[in-house]
file query14.txt (compact mmCIF, C-alpha atoms)
# COMPACT_ATOMS: atom_id res chain seq x y z
CA PRO A 596 -10.36 12.55 -21.28
CA ALA A 597 -10.08 10.27 -18.25
CA SER A 598 -13.56 8.80 -18.66
CA GLU A 599 -12.58 7.47 -22.07
CA ASP A 600 -10.10 5.09 -20.47
CA ASN A 601 -11.49 3.83 -17.19
CA ASP A 602 -13.85 4.64 -14.33
CA PHE A 603 -11.13 4.96 -11.71
CA GLY A 604 -9.50 8.24 -12.66
CA TYR A 605 -6.47 8.89 -14.80
CA PRO A 606 -3.63 10.02 -12.51
CA THR A 607 -1.36 11.33 -15.27
CA ASP A 608 -4.12 13.71 -16.40
CA HIS A 609 -3.24 16.93 -14.63
CA GLY A 610 -4.67 20.08 -16.15
CA GLU A 611 -1.72 20.55 -18.48
CA THR A 612 -1.26 16.96 -19.61
CA SER A 613 -5.00 16.41 -19.93
CA ALA A 614 -5.36 19.43 -22.20
CA ILE A 615 -2.50 18.32 -24.42
CA ARG A 616 -3.64 14.69 -24.50
CA ALA A 617 -7.07 15.92 -25.60
CA MET A 618 -5.46 17.72 -28.54
CA GLY A 619 -4.63 14.37 -30.12
CA SER A 620 -3.28 14.85 -33.61
CA GLU A 621 -3.75 18.64 -33.41
CA TRP A 622 -0.68 18.83 -31.16
CA ASP A 623 1.81 19.66 -33.89
CA LYS A 624 -0.64 21.85 -35.83
CA VAL A 625 -1.02 24.45 -33.07
CA ASP A 626 0.49 27.88 -33.70
CA TRP A 627 2.47 27.63 -30.48
CA ALA A 628 4.36 30.88 -31.05
CA ASN A 629 1.06 32.78 -30.80
CA THR A 630 -0.44 30.62 -28.05
CA VAL A 631 -0.67 31.36 -24.32
CA PHE A 632 -0.52 28.31 -22.06
CA ALA A 633 -2.39 29.08 -18.83
CA THR A 634 -2.53 26.83 -15.78
CA THR A 635 -4.26 27.28 -12.43
CA LEU A 636 -1.43 25.80 -10.37
CA SER A 637 2.34 25.73 -10.60
CA PRO A 638 3.16 22.83 -12.96
CA CYS A 639 4.59 19.67 -11.41
CA VAL A 640 7.63 18.02 -12.99
CA MET A 641 5.46 15.95 -15.33
CA CYS A 642 3.58 18.99 -16.57
CA THR A 643 6.78 21.02 -16.72
CA ARG A 644 8.35 18.50 -19.08
CA THR A 645 5.16 18.53 -21.17
CA ILE A 646 5.30 22.32 -21.43
CA GLN A 647 8.97 22.02 -22.37
CA ALA A 648 7.89 19.86 -25.31
CA ALA A 649 5.49 22.62 -26.39
CA TYR A 650 8.33 25.12 -26.00
CA GLY A 651 10.28 23.04 -28.50
CA LEU A 652 7.46 23.71 -30.99
CA GLY A 653 7.47 27.45 -30.35
CA LEU A 654 5.50 28.13 -27.14
CA ARG A 655 6.77 31.34 -25.55
CA SER A 656 3.94 32.52 -23.23
CA LEU A 657 2.99 30.90 -19.92
CA VAL A 658 0.58 32.05 -17.20
CA ILE A 659 0.62 30.44 -13.73
CA ALA A 660 -2.38 31.44 -11.59
CA GLU A 661 -0.83 30.50 -8.24
CA SER A 662 2.19 28.77 -6.73
CA ASP A 663 1.49 28.94 -2.99
CA SER A 664 -0.48 25.69 -2.64
CA PHE A 665 2.14 23.77 -4.58
CA LYS A 666 5.28 24.88 -6.38
CA GLY A 667 6.81 22.78 -9.10
CA PRO A 668 10.26 23.18 -10.70
CA GLU A 669 9.50 26.63 -12.12
CA ASP A 670 13.19 27.45 -12.37
CA GLN A 671 13.24 25.29 -15.48
CA PHE A 672 10.94 27.77 -17.21
CA ASP A 673 13.24 30.64 -16.25
CA SER A 674 16.08 28.94 -18.11
CA MET A 675 14.11 28.76 -21.36
CA ALA A 676 15.31 31.52 -23.67
CA GLY A 677 12.48 33.80 -24.75
CA MET A 678 9.83 32.27 -22.47
CA ARG A 679 7.51 34.98 -21.11
CA ILE A 680 6.04 33.97 -17.75
CA VAL A 681 3.23 35.73 -15.89
CA ARG A 682 3.01 34.60 -12.27
CA LEU A 683 -0.18 35.47 -10.43
CA SER A 684 -1.45 34.84 -6.92
CA LEU A 685 -5.20 34.65 -7.38
CA PRO A 686 -7.14 34.29 -4.08
CA THR A 687 -10.02 32.41 -5.74
CA VAL A 688 -7.66 29.82 -7.16
CA LYS A 689 -5.79 29.43 -3.87
CA LYS A 690 -9.07 28.90 -2.02
CA MET A 691 -10.14 26.30 -4.58
CA MET A 692 -6.88 24.38 -4.10
CA GLN A 693 -7.11 24.60 -0.31
CA VAL A 694 -10.67 23.27 -0.30
CA PHE A 695 -9.75 20.41 -2.63
CA SER A 696 -6.69 19.36 -0.61
CA ARG A 697 -8.68 19.48 2.64
CA CYS A 698 -11.68 17.54 1.33
CA HIS A 699 -9.72 15.05 -0.76
CA PRO A 700 -6.36 14.48 0.99
CA TRP A 701 -5.63 11.15 -0.77
CA ASP A 702 -6.32 12.61 -4.21
CA TRP A 703 -4.19 15.66 -3.46
CA ALA A 704 -1.26 13.58 -2.21
CA ALA A 705 -1.61 11.05 -5.04
CA ASP A 706 -1.79 13.88 -7.58
CA ILE A 707 1.74 14.95 -6.67
CA GLY A 708 3.16 11.47 -6.04
CA GLU A 709 3.34 11.82 -2.27
CA VAL A 710 1.44 8.75 -1.05
CA PRO A 711 4.21 6.63 0.52
CA PRO A 712 4.55 3.00 -0.54
CA ARG A 713 3.96 0.16 1.88
CA ASP A 714 7.04 -1.88 2.77
CA SER A 715 5.06 -5.10 2.30
CA ALA A 716 4.10 -4.03 -1.24
CA LEU A 717 7.71 -3.28 -2.14
CA ARG A 718 8.85 -6.66 -0.82
CA SER A 719 6.14 -8.37 -2.82
CA LEU A 720 7.10 -6.43 -5.94
CA ARG A 721 10.71 -7.55 -5.66
CA THR A 722 9.71 -11.19 -5.21
CA THR A 723 6.82 -11.42 -7.65
CA VAL A 724 7.76 -9.02 -10.43
CA LEU A 725 11.37 -7.90 -10.49
CA SER A 726 12.76 -11.42 -10.21
CA LYS A 727 10.63 -12.46 -13.21
CA ALA A 728 10.88 -9.32 -15.30
CA ALA A 729 11.62 -11.14 -18.56
CA THR A 730 8.41 -13.17 -18.21
CA PHE A 731 6.32 -10.01 -17.98
CA ALA A 732 8.24 -8.29 -20.77
CA LYS A 733 8.16 -11.05 -23.37
CA PRO A 734 4.54 -10.56 -24.59
CA LEU A 735 4.94 -6.81 -25.09
CA THR A 736 4.80 -5.30 -28.55
CA PRO A 737 7.62 -2.87 -29.44
CA GLY A 738 7.07 0.59 -28.00
CA SER A 739 4.33 -0.45 -25.57
CA ALA A 740 4.33 -0.28 -21.77
CA VAL A 741 2.60 -2.02 -18.89
CA VAL A 742 2.15 -1.25 -15.21
CA VAL A 743 2.49 -4.27 -12.94
CA GLY A 744 1.18 -4.31 -9.38
CA PRO A 745 3.04 -5.78 -6.40
CA ASP A 746 1.02 -8.99 -6.67
CA GLY A 747 2.09 -9.50 -10.28
CA SER A 748 -1.20 -8.40 -11.84
CA ILE A 749 -1.14 -6.35 -15.04
CA LEU A 750 -2.90 -3.14 -14.06
CA ALA A 751 -2.71 -1.36 -17.40
CA GLU A 752 -1.14 -1.53 -20.83
CA ALA A 753 -0.72 1.08 -23.55
CA GLU A 754 0.71 1.37 -27.02
CA ASP A 755 2.79 4.35 -28.10
CA GLY A 756 0.34 6.69 -29.81
CA ARG A 757 2.78 9.41 -30.80
CA SER A 758 3.25 8.32 -34.41
CA ARG A 759 -0.44 8.90 -35.18
CA THR A 760 -0.83 12.15 -33.22
CA GLY A 761 2.00 14.33 -34.48
CA ASN A 762 4.28 13.16 -31.66
CA ASN A 763 1.89 14.25 -28.90
CA PRO A 764 3.95 13.56 -25.75
CA CYS A 765 0.93 12.73 -23.58
CA VAL A 766 0.00 9.62 -25.56
CA ALA A 767 3.42 7.98 -25.29
CA SER A 768 3.12 4.48 -23.88
CA ILE A 769 4.61 5.01 -20.41
CA ILE A 770 2.53 8.02 -19.38
CA ALA A 771 -0.56 6.41 -20.96
CA ALA A 772 -0.11 3.10 -19.12
CA MET A 773 0.45 4.91 -15.82
CA GLY A 774 -2.72 6.88 -16.42
CA ARG A 775 -4.78 3.82 -17.30
CA ALA A 776 -3.69 2.13 -14.07
CA GLY A 777 -6.19 4.42 -12.35
CA SER A 778 -6.13 6.79 -9.40
CA THR A 779 -6.89 4.07 -6.84
CA VAL A 780 -3.45 2.55 -7.48
CA ASN A 781 -0.35 3.78 -5.70
CA LEU A 782 2.16 3.89 -8.55
CA ARG A 783 4.97 4.01 -5.98
CA GLU A 784 4.22 0.33 -5.36
CA CYS A 785 4.27 -0.69 -9.03
CA ALA A 786 6.79 -1.52 -11.72
CA VAL A 787 6.64 -0.02 -15.19
CA ILE A 788 7.84 -2.23 -18.03
CA TRP A 789 8.64 -0.50 -21.31
CA ALA A 790 9.42 -2.30 -24.54
CA THR A 791 11.78 -0.31 -26.72
CA PRO A 792 10.71 0.44 -30.31
CA SER A 793 12.00 -2.24 -32.66
CA SER A 794 13.99 0.17 -34.84
CA THR A 795 15.47 2.41 -32.17
CA THR A 796 19.20 3.10 -32.15
CA LYS A 797 19.28 5.39 -29.13
CA LEU A 798 17.43 5.35 -25.80
CA ASP A 799 17.24 9.10 -25.43
CA LEU A 800 14.52 11.53 -24.39
CA VAL A 801 13.02 11.52 -27.88
CA CYS A 802 12.55 7.77 -27.65
CA LEU A 803 11.26 7.73 -24.06
CA GLY A 804 9.16 10.90 -24.29
CA ASP A 805 9.25 14.16 -22.31
CA SER A 806 5.93 13.57 -20.56
CA SER A 807 6.77 9.94 -19.80
CA LEU A 808 10.00 10.96 -18.09
CA GLY A 809 8.07 13.54 -16.10
CA ALA A 810 5.44 10.96 -15.09
CA LEU A 811 8.18 8.65 -13.83
CA GLU A 812 9.79 11.49 -11.88
CA LEU A 813 6.48 12.55 -10.33
CA PHE A 814 4.98 9.19 -9.38
CA LYS A 815 8.30 7.48 -8.56
CA PRO A 816 7.62 3.82 -9.38
CA PRO A 817 10.36 1.76 -7.69
CA ALA A 818 11.40 0.16 -10.97
CA LEU A 819 11.44 0.87 -14.68
CA ILE A 820 12.22 -2.30 -16.59
CA VAL A 821 13.46 -1.63 -20.10
CA ALA A 822 12.68 -4.58 -22.36
CA ARG A 823 15.13 -4.26 -25.23
CA ALA A 824 14.31 -5.40 -28.74
CA PRO A 825 17.03 -7.43 -30.53
CA ALA A 826 18.33 -4.34 -32.34
CA ALA A 827 18.66 -2.52 -29.00
CA LYS A 828 20.02 -5.31 -26.79
CA THR A 829 23.19 -3.39 -25.90
CA LEU A 830 21.58 0.03 -25.50
CA GLU A 831 21.02 1.82 -22.21
CA LEU A 832 19.08 4.93 -21.32
CA GLU A 833 21.18 8.05 -21.68
CA MET A 834 22.88 9.25 -18.52
CA PRO A 835 20.79 12.43 -17.96
CA ILE A 836 17.64 10.27 -17.89
CA LEU A 837 19.22 7.73 -15.54
CA GLU A 838 20.32 10.52 -13.20
CA LYS A 839 16.83 12.00 -13.05
CA LEU A 840 15.26 8.62 -12.32
CA SER A 841 17.89 7.78 -9.73
CA ALA A 842 17.18 11.09 -7.98
CA VAL A 843 13.58 10.00 -7.31
CA GLY A 844 14.46 6.43 -6.36
CA THR A 845 13.42 4.66 -9.56
CA CYS A 846 15.75 1.79 -10.35
CA VAL A 847 16.30 0.97 -14.03
CA GLU A 848 16.78 -2.64 -15.07
CA TYR A 849 17.21 -4.17 -18.52
CA VAL A 850 15.97 -7.40 -20.03
CA ASN A 851 16.41 -8.57 -23.61
CA ILE A 852 13.39 -9.96 -25.46
call {"tool": "encode", "arguments": {"input": "query14.txt", "output": "structure tokens"}}
result
Amino acid sequence: PASEDNDFGYPTDHGETSAIRAMGSEWDKVDWANTVFATTLSPCVMCTRTIQAAYGLGLRSLVIAESDSFKGPEDQFDSMAGMRIVRLSLPTVKKMMQVFSRCHPWDWAADIGEVPPRDSALRSLRTTVLSKAATFAKPLTPGSAVVVGPDGSILAEAEDGRSRTGNNPCVASIIAAMGRAGSTVNLRECAVIWATPSSTTKLDLVCLGDSSLGALELFKPPALIVARAPAAKTLELEMPILEKLSAVGTCVEYVNI
């Protein structure tokens, strides 16, 4: 699916999220109770939250081909009642991952959000973007999101596509905008600005999106700016979300538009 959006890669398209994004409006039509979700590598936090969304629709079977090259928060799967997990250690898959990480070290590190940000970029972001957050947020349509680089340039924008795809979590605006920013961008040097839906009454996980939360946790942008619509001007993200973002160093700020 990445080639449909840009020529610079689509960093939020891991195997799991790419597969689900490609489902489009078929997402909520899948017979998840009789489906096996198989992945070559232990799911990262973004993909784990995406699989959790499928679990909410009935998914109960998961196969992980290997967890030695990288191990995500698999304990979260163990806490899901009724989830059957087959954990393998396939030599061919491990070799494939080792070759990829050796030949493409930037891509491997970027894929798991481990390319460190430059101090100069963070200083520039604070001066250029965070101090003028309302200016960047004002043009946004409700529910949309943008990724802003440290120099103040708009790197990507996305609408929330869930309403037309059966609530597919991988087309929510935040994860989509982060993907469209491209793989040459270090998202740890960028700010994400998210405009709340105009009719929302609660800034919970349903509103934000499972996969979007996971993308924020994985790629760790230094700031998530929540641009609140008039009906939501006193709302704040629910505490469990704030705690998860705080744990990865993402600061949440609010502006009213």
call {"tool": "closest_residue", "arguments": {"input": "query14.txt", "among": "A:Ser664, A:Asn781, A:Ser806, A:Ser793", "to": "A:Ser768", "atoms": "all atoms listed in the file"}}
result
A:Ser806
call {"tool": "residues_around", "arguments": {"input": "query14.txt", "residues": "A:Lys828", "least_positions_apart": "3", "cutoff": "9 Å", "atoms": "all atoms listed in the file", "output": "PDB file with C-alpha atoms, in the coordinates of the input"}}
result
ATOM      1  CA  ALA A 822      12.680  -4.580 -22.360  1.00  0.00           C
ATOM      2  CA  ARG A 823      15.130  -4.260 -25.230  1.00  0.00           C
ATOM      3  CA  ALA A 824      14.310  -5.400 -28.740  1.00  0.00           C
ATOM      4  CA  PRO A 825      17.030  -7.430 -30.530  1.00  0.00           C
ATOM      5  CA  GLU A 831      21.020   1.820 -22.210  1.00  0.00           C
ATOM      6  CA  TYR A 849      17.210  -4.170 -18.520  1.00  0.00           C
ATOM      7  CA  VAL A 850      15.970  -7.400 -20.030  1.00  0.00           C
ATOM      8  CA  ASN A 851      16.410  -8.570 -23.610  1.00  0.00           C
ATOM      9  CA  ILE A 852      13.390  -9.960 -25.460  1.00  0.00           C
TER      10      ILE A 852
END
call {"tool": "residues_near_point", "arguments": {"input": "query14.txt", "point": "(7.3, 8.2, -9.4)", "cutoff": "9 Å", "atoms": "only C-alpha atoms", "output": "list in words"}}
result
Gly708, Glu709, Leu782, Arg783, Gly809, Ala810, Leu811, Glu812, Leu813, Phe814, Lys815, Pro816, Pro817, Leu840, Val843, Gly844 and Thr845 of chain A
call {"tool": "closest_residue", "arguments": {"input": "query14.txt", "among": "A:Ala753, A:Val847, A:Ala705, A:Ala786", "to": "A:Ala771", "atoms": "all atoms listed in the file"}}
result
A:Ala753
call {"tool": "atom_distance", "arguments": {"input": "query14.txt", "atom1": "atom CA of A:Ala772", "atom2": "atom CA of A:Phe695"}}
result
25.8 Å
call {"tool": "atom_distance", "arguments": {"input": "query14.txt", "atom1": "atom CA of A:Val694", "atom2": "atom CA of A:Phe672"}}
result
27.8 Å
call {"tool": "residues_near_point", "arguments": {"input": "query14.txt", "point": "(-1.8, 9.1, -19.3)", "cutoff": "10 Å", "atoms": "only C-alpha atoms", "output": "count of residues only"}}
result
29
